[in-house]
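Asker: The file below is final36.pdb, PDB, C-alpha atoms:
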ATOM      1  CA  MET A   1       0.000   0.000   0.000
ATOM      2  CA  ALA A   2       1.295   3.457  -0.848
ATOM      3  CA  ALA A   3       0.600   4.806   2.636
ATOM      4  CA  ALA A   4       2.656   2.029   4.256
ATOM      5  CA  ALA A   5       5.453   2.527   1.758
ATOM      6  CA  ALA A   6       5.447   6.262   2.422
ATOM      7  CA  ALA A   7       5.502   5.698   6.183
ATOM      8  CA  ALA A   8       8.395   3.255   5.859
ATOM      9  CA  ALA A   9      10.214   5.658   3.572
ATOM     10  CA  ALA A  10       9.674   8.492   6.032
ATOM     11  CA  ALA A  11      10.988   6.332   8.868
ATOM     12  CA  SER A  12      14.058   5.214   6.967
ATOM     13  CA  GLY A  13      14.687   8.624   5.434
ATOM     14  CA  SER A  14      14.680  10.459   8.750
ATOM     15  CA  GLY A  15      18.421  11.131   8.848
ATOM     16  CA  THR A  16      19.972   7.665   9.144
ATOM     17  CA  PRO A  17      21.553   6.116   6.042
ATOM     18  CA  ARG A  18      19.484   3.493   4.292
ATOM     19  CA  GLU A  19      21.860   0.577   4.682
ATOM     20  CA  GLU A  20      22.072   0.837   8.471
ATOM     21  CA  ASP A  21      18.320   1.137   8.788
ATOM     22  CA  GLY A  22      17.624  -2.333   7.404
ATOM     23  CA  PRO A  23      15.922  -4.043  10.366
ATOM     24  CA  ALA A  24      14.328  -0.825  11.696
ATOM     25  CA  GLY A  25      12.974  -0.062   8.230
ATOM     26  CA  GLU A  26      11.361  -3.490   8.047
ATOM     27  CA  ALA A  27       9.784  -3.019  11.472
ATOM     28  CA  ALA A  28       8.344   0.334  10.391
ATOM     29  CA  ALA A  29       6.973  -1.226   7.206
ATOM     30  CA  SER A  30       5.193  -3.982   9.121
ATOM     31  CA  GLN A  31       3.411  -1.525  11.429
ATOM     32  CA  PRO A  32       0.122  -0.068  10.214
ATOM     33  CA  PRO A  33       0.602   3.568   9.133
ATOM     34  CA  ALA A  34      -0.524   6.073  11.777
ATOM     35  CA  PRO A  35      -3.391   8.249  10.576
ATOM     36  CA  THR A  36      -1.940  11.634   9.698
ATOM     37  CA  THR A  37      -5.190  13.144   8.458
ATOM     38  CA  ALA A  38      -7.558  15.536  10.226
ATOM     39  CA  PRO A  39     -10.330  13.834  12.275
ATOM     40  CA  GLY A  40     -13.047  14.527   9.718
ATOM     41  CA  ALA A  41     -10.856  13.273   6.933
ATOM     42  CA  ARG A  42     -10.194   9.793   8.309
ATOM     43  CA  LEU A  43     -10.715   7.152   5.706
ATOM     44  CA  SER A  44     -13.703   4.873   6.055
ATOM     45  CA  ARG A  45     -13.735   1.796   8.256
ATOM     46  CA  LEU A  46     -16.822   0.300   6.744
ATOM     47  CA  PRO A  47     -16.006  -2.149   3.965
ATOM     48  CA  LEU A  48     -16.758  -0.494   0.657
ATOM     49  CA  ALA A  49     -17.948  -3.790  -0.833
ATOM     50  CA  ARG A  50     -20.844  -3.983   1.632
ATOM     51  CA  VAL A  51     -21.802  -0.361   1.024
ATOM     52  CA  LYS A  52     -21.654  -1.029  -2.705
ATOM     53  CA  ALA A  53     -24.038  -3.976  -2.213
ATOM     54  CA  LEU A  54     -26.504  -1.629  -0.495
ATOM     55  CA  VAL A  55     -26.240   0.903  -3.302
ATOM     56  CA  LYS A  56     -26.781  -1.782  -5.925
ATOM     57  CA  ALA A  57     -29.881  -2.972  -4.063
ATOM     58  CA  ASP A  58     -31.655   0.124  -5.371
ATOM     59  CA  PRO A  59     -33.246  -0.826  -8.699
ATOM     60  CA  ASP A  60     -33.183   2.795  -9.902
ATOM     61  CA  VAL A  61     -29.431   3.129  -9.545
ATOM     62  CA  THR A  62     -27.505   2.419 -12.727
ATOM     63  CA  LEU A  63     -23.923   3.074 -11.698
ATOM     64  CA  ALA A  64     -22.129   4.553  -8.744
ATOM     65  CA  GLY A  65     -18.632   6.021  -8.828
ATOM     66  CA  GLN A  66     -15.974   4.862  -6.387
ATOM     67  CA  GLU A  67     -15.899   8.255  -4.709
ATOM     68  CA  ALA A  68     -19.667   8.138  -4.174
ATOM     69  CA  ILE A  69     -19.394   4.722  -2.484
ATOM     70  CA  PHE A  70     -16.588   5.983  -0.292
ATOM     71  CA  ILE A  71     -18.517   9.083   0.768
ATOM     72  CA  LEU A  72     -21.606   7.013   1.530
ATOM     73  CA  ALA A  73     -19.518   4.730   3.734
ATOM     74  CA  ARG A  74     -18.018   7.677   5.578
ATOM     75  CA  ALA A  75     -21.458   9.311   5.898
ATOM     76  CA  ALA A  76     -22.872   6.108   7.383
ATOM     77  CA  GLU A  77     -20.063   6.144   9.939
ATOM     78  CA  LEU A  78     -20.832   9.734  10.854
ATOM     79  CA  PHE A  79     -24.484   8.768  11.148
ATOM     80  CA  VAL A  80     -23.653   5.932  13.535
ATOM     81  CA  GLU A  81     -21.481   8.263  15.642
ATOM     82  CA  THR A  82     -24.217  10.903  15.716
ATOM     83  CA  ILE A  83     -26.986   8.500  16.689
ATOM     84  CA  ALA A  84     -24.797   6.850  19.321
ATOM     85  CA  LYS A  85     -23.927  10.193  20.909
ATOM     86  CA  ASP A  86     -27.539  11.394  20.859
ATOM     87  CA  ALA A  87     -28.678   8.104  22.355
ATOM     88  CA  TYR A  88     -26.063   8.452  25.056
ATOM     89  CA  CYS A  89     -27.541  11.817  26.053
ATOM     90  CA  CYS A  90     -30.885  10.104  26.459
ATOM     91  CA  ALA A  91     -29.311   7.314  28.519
ATOM     92  CA  GLN A  92     -27.621   9.884  30.768
ATOM     93  CA  GLN A  93     -31.011  11.464  31.413
ATOM     94  CA  GLY A  94     -32.187   8.051  32.571
ATOM     95  CA  LYS A  95     -29.014   7.836  34.722
ATOM     96  CA  ARG A  96     -27.829   4.747  32.888
ATOM     97  CA  LYS A  97     -24.468   3.834  31.440
ATOM     98  CA  THR A  98     -25.726   1.250  29.032
ATOM     99  CA  LEU A  99     -27.426   2.349  25.856
ATOM    100  CA  GLN A 100     -30.715   0.605  25.265
ATOM    101  CA  ARG A 101     -33.283   0.457  22.489
ATOM    102  CA  ARG A 102     -35.428   3.149  24.064
ATOM    103  CA  ASP A 103     -32.482   5.552  23.964
ATOM    104  CA  LEU A 104     -32.386   5.170  20.218
ATOM    105  CA  ASP A 105     -36.081   5.913  19.906
ATOM    106  CA  CYS A 106     -35.425   9.024  21.966
ATOM    107  CA  ALA A 107     -32.460  10.003  19.775
ATOM    108  CA  VAL A 108     -34.405   9.617  16.578
ATOM    109  CA  LEU A 109     -37.300  11.683  17.910
ATOM    110  CA  GLY A 110     -34.832  14.523  18.334
ATOM    111  CA  LEU A 111     -34.334  14.684  14.578
ATOM    112  CA  THR A 112     -37.226  15.943  12.569
ATOM    113  CA  SER A 113     -37.214  14.854   8.983
ATOM    114  CA  ALA A 114     -39.635  12.304   7.608
ATOM    115  CA  TRP A 115     -37.121   9.721   6.654
ATOM    116  CA  LEU A 116     -36.142   9.333  10.280
ATOM    117  CA  GLU A 117     -39.563   7.839  10.875
ATOM    118  CA  LEU A 118     -38.385   5.295   8.347
ATOM    119  CA  VAL A 119     -35.255   4.783  10.419
ATOM    120  CA  ARG A 120     -37.308   4.339  13.548
ATOM    121  CA  CYS A 121     -39.366   1.667  11.834
ATOM    122  CA  SER A 122     -36.178   0.092  10.575
ATOM    123  CA  PHE A 123     -35.131  -0.672  14.131
ATOM    124  CA  THR A 124     -37.597  -3.530  14.005
ATOM    125  CA  LEU A 125     -36.902  -4.478  10.412
ATOM    126  CA  CYS A 126     -35.437  -7.840   9.776
ATOM    127  CA  PHE A 127     -33.222  -8.094   6.743
ATOM    128  CA  ARG A 128     -33.263 -11.877   6.707
TER     129      ARG A 128
ATOM    130  CA  MET B   1     -36.502  -6.411  -0.642
ATOM    131  CA  ALA B   2     -33.264  -7.600  -2.278
ATOM    132  CA  GLU B   3     -32.204 -10.978  -3.584
ATOM    133  CA  ARG B   4     -29.698 -11.629  -0.825
ATOM    134  CA  PRO B   5     -30.892  -9.869   2.350
ATOM    135  CA  GLU B   6     -27.904 -10.850   4.446
ATOM    136  CA  ASP B   7     -25.688  -8.657   2.250
ATOM    137  CA  LEU B   8     -27.552  -5.572   3.403
ATOM    138  CA  ASN B   9     -26.214  -5.761   6.932
ATOM    139  CA  LEU B  10     -23.076  -3.888   7.792
ATOM    140  CA  PRO B  11     -20.443  -5.838   9.744
ATOM    141  CA  ASN B  12     -21.288  -5.895  13.456
ATOM    142  CA  ALA B  13     -17.697  -5.632  14.603
ATOM    143  CA  VAL B  14     -17.095  -2.424  12.690
ATOM    144  CA  ILE B  15     -20.374  -0.870  13.826
ATOM    145  CA  THR B  16     -19.549  -1.729  17.439
ATOM    146  CA  ARG B  17     -16.102  -0.189  17.121
ATOM    147  CA  ILE B  18     -17.491   3.018  15.662
ATOM    148  CA  ILE B  19     -20.063   3.261  18.461
ATOM    149  CA  LYS B  20     -17.517   2.575  21.197
ATOM    150  CA  GLU B  21     -15.147   5.202  19.863
ATOM    151  CA  ALA B  22     -17.929   7.769  19.685
ATOM    152  CA  LEU B  23     -18.869   7.227  23.315
ATOM    153  CA  PRO B  24     -16.871   7.967  26.471
ATOM    154  CA  ASP B  25     -15.098   5.117  28.275
ATOM    155  CA  GLY B  26     -17.187   2.927  30.498
ATOM    156  CA  VAL B  27     -20.355   3.335  28.472
ATOM    157  CA  ASN B  28     -21.844   0.119  27.164
ATOM    158  CA  ILE B  29     -24.430  -0.679  24.589
ATOM    159  CA  SER B  30     -27.009  -3.437  24.661
ATOM    160  CA  LYS B  31     -27.056  -5.986  21.881
ATOM    161  CA  GLU B  32     -30.505  -4.800  20.906
ATOM    162  CA  ALA B  33     -29.453  -1.177  20.638
ATOM    163  CA  ARG B  34     -26.346  -2.049  18.650
ATOM    164  CA  SER B  35     -28.376  -4.147  16.263
ATOM    165  CA  ALA B  36     -30.874  -1.317  15.871
ATOM    166  CA  ILE B  37     -28.111   1.148  15.059
ATOM    167  CA  SER B  38     -26.695  -1.251  12.496
ATOM    168  CA  ARG B  39     -30.061  -1.563  10.775
ATOM    169  CA  ALA B  40     -30.513   2.189  10.896
ATOM    170  CA  ALA B  41     -27.131   2.650   9.238
ATOM    171  CA  SER B  42     -28.172   0.326   6.417
ATOM    172  CA  VAL B  43     -31.414   2.255   5.966
ATOM    173  CA  PHE B  44     -29.386   5.462   6.010
ATOM    174  CA  VAL B  45     -27.268   4.256   3.107
ATOM    175  CA  LEU B  46     -30.306   3.053   1.184
ATOM    176  CA  TYR B  47     -32.142   6.324   1.643
ATOM    177  CA  ALA B  48     -29.071   8.433   0.896
ATOM    178  CA  THR B  49     -28.501   6.411  -2.256
ATOM    179  CA  SER B  50     -32.036   6.971  -3.426
ATOM    180  CA  CYS B  51     -31.781  10.676  -2.651
ATOM    181  CA  ALA B  52     -28.407  10.992  -4.384
ATOM    182  CA  ASN B  53     -29.751   9.136  -7.374
ATOM    183  CA  ASN B  54     -32.471  11.762  -7.753
ATOM    184  CA  PHE B  55     -29.780  14.415  -8.008
ATOM    185  CA  ALA B  56     -27.892  12.369 -10.570
ATOM    186  CA  MET B  57     -31.008  11.907 -12.675
ATOM    187  CA  LYS B  58     -31.734  15.637 -12.438
ATOM    188  CA  GLY B  59     -28.280  16.230 -13.861
ATOM    189  CA  LYS B  60     -29.053  13.666 -16.583
ATOM    190  CA  ARG B  61     -26.241  11.429 -15.410
ATOM    191  CA  LYS B  62     -26.349   7.694 -14.996
ATOM    192  CA  THR B  63     -23.490   7.476 -12.549
ATOM    193  CA  LEU B  64     -23.769   8.592  -8.928
ATOM    194  CA  ASN B  65     -20.923  10.864  -7.983
ATOM    195  CA  ALA B  66     -19.659  12.365  -4.743
ATOM    196  CA  THR B  67     -21.480  15.657  -5.323
ATOM    197  CA  ASP B  68     -24.789  13.824  -5.593
ATOM    198  CA  VAL B  69     -24.181  12.223  -2.210
ATOM    199  CA  LEU B  70     -23.257  15.574  -0.644
ATOM    200  CA  SER B  71     -26.445  17.102  -2.043
ATOM    201  CA  ALA B  72     -28.367  14.169  -0.586
ATOM    202  CA  MET B  73     -26.879  14.885   2.849
ATOM    203  CA  GLU B  74     -28.182  18.432   2.719
ATOM    204  CA  GLU B  75     -31.560  17.199   1.549
ATOM    205  CA  MET B  76     -31.688  14.780   4.483
ATOM    206  CA  GLU B  77     -30.926  17.620   6.909
ATOM    207  CA  PHE B  78     -27.415  16.379   7.676
ATOM    208  CA  GLN B  79     -25.627  19.569   6.695
ATOM    209  CA  ARG B  80     -23.229  19.034   9.580
ATOM    210  CA  PHE B  81     -21.843  16.032   7.685
ATOM    211  CA  VAL B  82     -20.977  18.006   4.580
ATOM    212  CA  THR B  83     -17.706  19.565   5.799
ATOM    213  CA  PRO B  84     -16.176  16.384   7.284
ATOM    214  CA  LEU B  85     -17.264  14.491   4.194
ATOM    215  CA  LYS B  86     -15.546  17.005   1.933
ATOM    216  CA  GLU B  87     -12.361  16.620   3.982
ATOM    217  CA  ALA B  88     -12.637  12.856   3.767
ATOM    218  CA  LEU B  89     -13.113  13.076   0.022
ATOM    219  CA  GLU B  90      -9.953  15.150  -0.358
ATOM    220  CA  ALA B  91      -7.972  12.678   1.725
ATOM    221  CA  TYR B  92      -9.386   9.818  -0.296
ATOM    222  CA  ARG B  93      -8.459  11.529  -3.571
ATOM    223  CA  ARG B  94      -4.922  12.131  -2.314
ATOM    224  CA  GLU B  95      -4.622   8.487  -1.335
ATOM    225  CA  GLN B  96      -5.890   7.315  -4.700
ATOM    226  CA  LYS B  97      -3.459   9.634  -6.435
ATOM    227  CA  GLY B  98      -0.629   8.313  -4.274
ATOM    228  CA  LYS B  99      -1.571   4.717  -5.087
ATOM    229  CA  LYS B 100      -1.676   5.517  -8.780
ATOM    230  CA  GLU B 101       1.730   7.170  -8.655
ATOM    231  CA  ALA B 102       3.155   4.289  -6.635
ATOM    232  CA  SER B 103       1.957   1.711  -9.128
ATOM    233  CA  GLU B 104       3.238   3.786 -12.024
ATOM    234  CA  GLN B 105       6.567   4.056 -10.259
ATOM    235  CA  LYS B 106       6.627   0.284  -9.763
ATOM    236  CA  LYS B 107       6.006  -0.120 -13.455
ATOM    237  CA  LYS B 108       8.894   2.205 -14.274
ATOM    238  CA  ASP B 109      11.197   0.357 -11.901
ATOM    239  CA  LYS B 110      10.223  -2.953 -13.433
ATOM    240  CA  ASP B 111      10.982  -1.690 -16.908
ATOM    241  CA  LYS B 112      14.345  -0.398 -15.809
ATOM    242  CA  LYS B 113      15.384  -3.590 -14.027
ATOM    243  CA  THR B 114      18.161  -4.084 -16.551
ATOM    244  CA  ASP B 115      19.962  -0.962 -15.229
ATOM    245  CA  SER B 116      22.746  -1.307 -12.650
ATOM    246  CA  GLU B 117      21.710  -1.612  -8.991
ATOM    247  CA  ASP B 118      23.506   1.545  -7.898
ATOM    248  CA  GLN B 119      21.544   3.686 -10.313
ATOM    249  CA  ASP B 120      18.271   2.175  -9.062
ATOM    250  CA  LYS B 121      19.166   2.849  -5.406
ATOM    251  CA  SER B 122      19.918   6.524  -5.932
ATOM    252  CA  ARG B 123      16.698   6.948  -7.916
ATOM    253  CA  ASP B 124      14.653   5.302  -5.163
ATOM    254  CA  GLU B 125      16.187   7.580  -2.551
ATOM    255  CA  ASP B 126      15.238  10.614  -4.625
ATOM    256  CA  ASN B 127      11.636   9.371  -4.850
ATOM    257  CA  ASP B 128      11.553   8.699  -1.117
ATOM    258  CA  GLU B 129      12.587  12.270  -0.495
ATOM    259  CA  ASP B 130       9.839  13.452  -2.839
ATOM    260  CA  GLU B 131       7.287  11.360  -0.953
ATOM    261  CA  GLU B 132       8.572  12.766   2.338
ATOM    262  CA  ARG B 133       8.192  16.302   1.086
ATOM    263  CA  LEU B 134       4.695  15.505  -0.185
ATOM    264  CA  GLU B 135       3.772  14.072   3.247
ATOM    265  CA  GLU B 136       5.090  17.159   5.015
ATOM    266  CA  GLU B 137       3.149  19.405   2.676
ATOM    267  CA  GLU B 138       0.001  17.395   3.340
ATOM    268  CA  GLN B 139       0.530  17.697   7.079
ATOM    269  CA  ASN B 140       0.969  21.444   6.748
ATOM    270  CA  GLU B 141      -2.241  21.675   4.740
ATOM    271  CA  GLU B 142      -4.091  19.687   7.377
ATOM    272  CA  GLU B 143      -2.812  21.902  10.150
ATOM    273  CA  GLU B 144      -4.239  24.860   8.305
ATOM    274  CA  VAL B 145      -7.568  23.076   7.936
ATOM    275  CA  ASP B 146      -7.660  22.423  11.687
ATOM    276  CA  ASN B 147      -7.002  26.078  12.373
TER     277      ASN B 147
END
Show how you would write the structure in this file as structure tokens.
Answerer:
Amino acid sequence: MAAAAAAAAAASGSGTPREEDGPAGEAAASQPPAPTTAPGARLSRLPLARVKALVKADPDVTLAGQEAIFILARAAELFVETIAKDAYCCAQQGKRKTLQRRDLDCAVLGLTSAWLELVRCSFTLCFR
Amino acid sequence: MAERPEDLNLPNAVITRIIKEALPDGVNISKEARSAISRAASVFVLYATSCANNFAMKGKRKTLNATDVLSAMEEMEFQRFVTPLKEALEAYRREQKGKKEASEQKKKDKDKKTDSEDQDKSRDEDNDEDEERLEEEEQNEEEEVDN
């Protein structure tokens, strides 16, 4: 991966000559690259293949670009973070430290648009 | 709804990790709640896709692009997502560009395998320095963004 190669290159190129850095360079290459991007810019954790499957499930969609899939994945992550945090507020009001289903209902009620009613119904949806 | 319903679920482990990182330490989540969030995330993607597709069709395009998705976010009243998503898109584009350059470089190196080893080494070191400089520039850009 380019990011790993760049990280290894940065580690080996940081002043010490290349030949001496043999073992250290290998160690740096085997470590996962540390995220150097701003918090909002972190690359998606959700597997793009699964997101792509969801996008393709829509019969009206012809094609979706790679960037679109990536942004959808990242947006879904942000959505999960948002809902979790809102639900936590509701749990705190109930003086609990474990998020429960009712906290999600409470979180969703806090958001107004119509599609969130769809989300609320989806809590009981079974995809199997 | 779809031919293979199990494909519409997002991986539980990843969802759990995202939730845990969004919440302070010591906060737990019931299995039920986690499952509900996972389903909601799937519905979110489905709805966002449909919304984005409307924008694509309005623009008489058959391929969904990133702008369509951003427009969908605004439509769905998630304007707060737009800025972080734009940042993520830029980072993603940089990464893709880096990957492309890396594979092109590999191709060049492969073609020039017949050259002497010394010449290859010095060339690689030059490229490493270029990559370092690029990384530093990126970090500087990101610091500005944070400010």
Asker: Counting all atoms listed in the file, which of A:Cys89, A:Ala73, A:Ile83, A:Leu99 gets nearest to chain B?
Answerer: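 For chain B, the nearest of the given residues is A:Leu99.
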Asker: Near stretch 57-68 of chain B, within 9 Å and counting all atoms listed in the file, which residues show up once chain neighbours fewer than 4 positions away are dropped, as a list in words?
Answerer: Val61, Thr62, Leu63, Ala64, Gly65, Gln66, Glu67, Ala68, Ile69, Phe70, Ile71 and Leu72 of chain A; Thr49, Cys51, Ala52, Asn53, Ala72, Met73 and Leu89 of chain B
Asker: If I take atom CA of A:Ser44 and atom CA of A:Cys106, how far is one from the other in Å, to one decimal?
Answerer: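 A separation of 27.2 Å between them.
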Asker: Give me the chain B side of the contact with chain A, cut-off 7 Å, one line per residue showing its nearest atom pair and distance in Å at one decimal, counting only C-alpha atoms, sorted by chain and residue number, as JSON lines.
Answerer:
{"residue": "B:Ala2", "atom": "CA", "partner": "A:Ala57", "partner_atom": "CA", "distance": 6.0}
{"residue": "B:Pro5", "atom": "CA", "partner": "A:Phe127", "partner_atom": "CA", "distance": 5.3}
{"residue": "B:Glu6", "atom": "CA", "partner": "A:Arg128", "partner_atom": "CA", "distance": 5.9}
{"residue": "B:Asp7", "atom": "CA", "partner": "A:Ala53", "partner_atom": "CA", "distance": 6.7}
{"residue": "B:Leu8", "atom": "CA", "partner": "A:Leu54", "partner_atom": "CA", "distance": 5.6}
{"residue": "B:Leu10", "atom": "CA", "partner": "A:Arg50", "partner_atom": "CA", "distance": 6.6}
{"residue": "B:Val14", "atom": "CA", "partner": "A:Leu46", "partner_atom": "CA", "distance": 6.5}
{"residue": "B:Ile18", "atom": "CA", "partner": "A:Glu81", "partner_atom": "CA", "distance": 6.6}
{"residue": "B:Ile19", "atom": "CA", "partner": "A:Glu81", "partner_atom": "CA", "distance": 5.9}
{"residue": "B:Ala22", "atom": "CA", "partner": "A:Glu81", "partner_atom": "CA", "distance": 5.4}
{"residue": "B:Leu23", "atom": "CA", "partner": "A:Lys85", "partner_atom": "CA", "distance": 6.3}
{"residue": "B:Val27", "atom": "CA", "partner": "A:Lys97", "partner_atom": "CA", "distance": 5.1}
{"residue": "B:Asn28", "atom": "CA", "partner": "A:Thr98", "partner_atom": "CA", "distance": 4.5}
{"residue": "B:Ile29", "atom": "CA", "partner": "A:Leu99", "partner_atom": "CA", "distance": 4.4}
{"residue": "B:Ser30", "atom": "CA", "partner": "A:Gln100", "partner_atom": "CA", "distance": 5.5}
{"residue": "B:Glu32", "atom": "CA", "partner": "A:Arg101", "partner_atom": "CA", "distance": 6.2}
{"residue": "B:Ala33", "atom": "CA", "partner": "A:Arg101", "partner_atom": "CA", "distance": 4.6}
{"residue": "B:Ala36", "atom": "CA", "partner": "A:Phe123", "partner_atom": "CA", "distance": 4.6}
{"residue": "B:Ile37", "atom": "CA", "partner": "A:Val80", "partner_atom": "CA", "distance": 6.7}
{"residue": "B:Arg39", "atom": "CA", "partner": "A:Phe123", "partner_atom": "CA", "distance": 6.1}
{"residue": "B:Ala40", "atom": "CA", "partner": "A:Val119", "partner_atom": "CA", "distance": 5.4}
{"residue": "B:Ala41", "atom": "CA", "partner": "A:Ala76", "partner_atom": "CA", "distance": 5.8}
{"residue": "B:Val43", "atom": "CA", "partner": "A:Val119", "partner_atom": "CA", "distance": 6.4}
{"residue": "B:Phe44", "atom": "CA", "partner": "A:Ala76", "partner_atom": "CA", "distance": 6.7}
{"residue": "B:Val45", "atom": "CA", "partner": "A:Ala76", "partner_atom": "CA", "distance": 6.4}
{"residue": "B:Leu46", "atom": "CA", "partner": "A:Leu54", "partner_atom": "CA", "distance": 6.3}
{"residue": "B:Thr49", "atom": "CA", "partner": "A:Val55", "partner_atom": "CA", "distance": 6.0}
{"residue": "B:Asn53", "atom": "CA", "partner": "A:Val61", "partner_atom": "CA", "distance": 6.4}
{"residue": "B:Lys62", "atom": "CA", "partner": "A:Thr62", "partner_atom": "CA", "distance": 5.9}
{"residue": "B:Thr63", "atom": "CA", "partner": "A:Leu63", "partner_atom": "CA", "distance": 4.5}
{"residue": "B:Leu64", "atom": "CA", "partner": "A:Ala64", "partner_atom": "CA", "distance": 4.4}
{"residue": "B:Asn65", "atom": "CA", "partner": "A:Ala68", "partner_atom": "CA", "distance": 4.8}
{"residue": "B:Ala66", "atom": "CA", "partner": "A:Ala68", "partner_atom": "CA", "distance": 4.3}
{"residue": "B:Val69", "atom": "CA", "partner": "A:Ala68", "partner_atom": "CA", "distance": 6.4}
{"residue": "B:Phe81", "atom": "CA", "partner": "A:Ala75", "partner_atom": "CA", "distance": 7.0}
{"residue": "B:Pro84", "atom": "CA", "partner": "A:Gly40", "partner_atom": "CA", "distance": 4.4}
{"residue": "B:Leu85", "atom": "CA", "partner": "A:Ile71", "partner_atom": "CA", "distance": 6.5}
{"residue": "B:Glu87", "atom": "CA", "partner": "A:Ala41", "partner_atom": "CA", "distance": 4.7}
{"residue": "B:Ala88", "atom": "CA", "partner": "A:Ala41", "partner_atom": "CA", "distance": 3.7}
{"residue": "B:Leu89", "atom": "CA", "partner": "A:Ile71", "partner_atom": "CA", "distance": 6.8}
{"residue": "B:Ala91", "atom": "CA", "partner": "A:Ala41", "partner_atom": "CA", "distance": 6.0}
{"residue": "B:Tyr92", "atom": "CA", "partner": "A:Leu43", "partner_atom": "CA", "distance": 6.7}
{"residue": "B:Gly98", "atom": "CA", "partner": "A:Ala2", "partner_atom": "CA", "distance": 6.2}
{"residue": "B:Lys99", "atom": "CA", "partner": "A:Ala2", "partner_atom": "CA", "distance": 5.3}
{"residue": "B:Ala102", "atom": "CA", "partner": "A:Ala2", "partner_atom": "CA", "distance": 6.1}
{"residue": "B:Asp128", "atom": "CA", "partner": "A:Ala9", "partner_atom": "CA", "distance": 5.7}
{"residue": "B:Glu131", "atom": "CA", "partner": "A:Ala6", "partner_atom": "CA", "distance": 6.4}
{"residue": "B:Glu132", "atom": "CA", "partner": "A:Ala10", "partner_atom": "CA", "distance": 5.8}
{"residue": "B:Glu142", "atom": "CA", "partner": "A:Ala38", "partner_atom": "CA", "distance": 6.1}
Asker: Rounded to one decimal in Å, what is the spacing between atom CA of B:Ser71 and atom CA of B:Gln96?
Answerer: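 Calculated distance between atom CA of B:Ser71 and atom CA of B:Gln96 is 22.9 Å.
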Asker: Please indicate the distance in Å from atom CA of B:Arg34 to atom CA of B:Thr83, rounded to one decimal place.
Answerer: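 Atom CA of B:Thr83 lies 26.6 Å from atom CA of B:Arg34.
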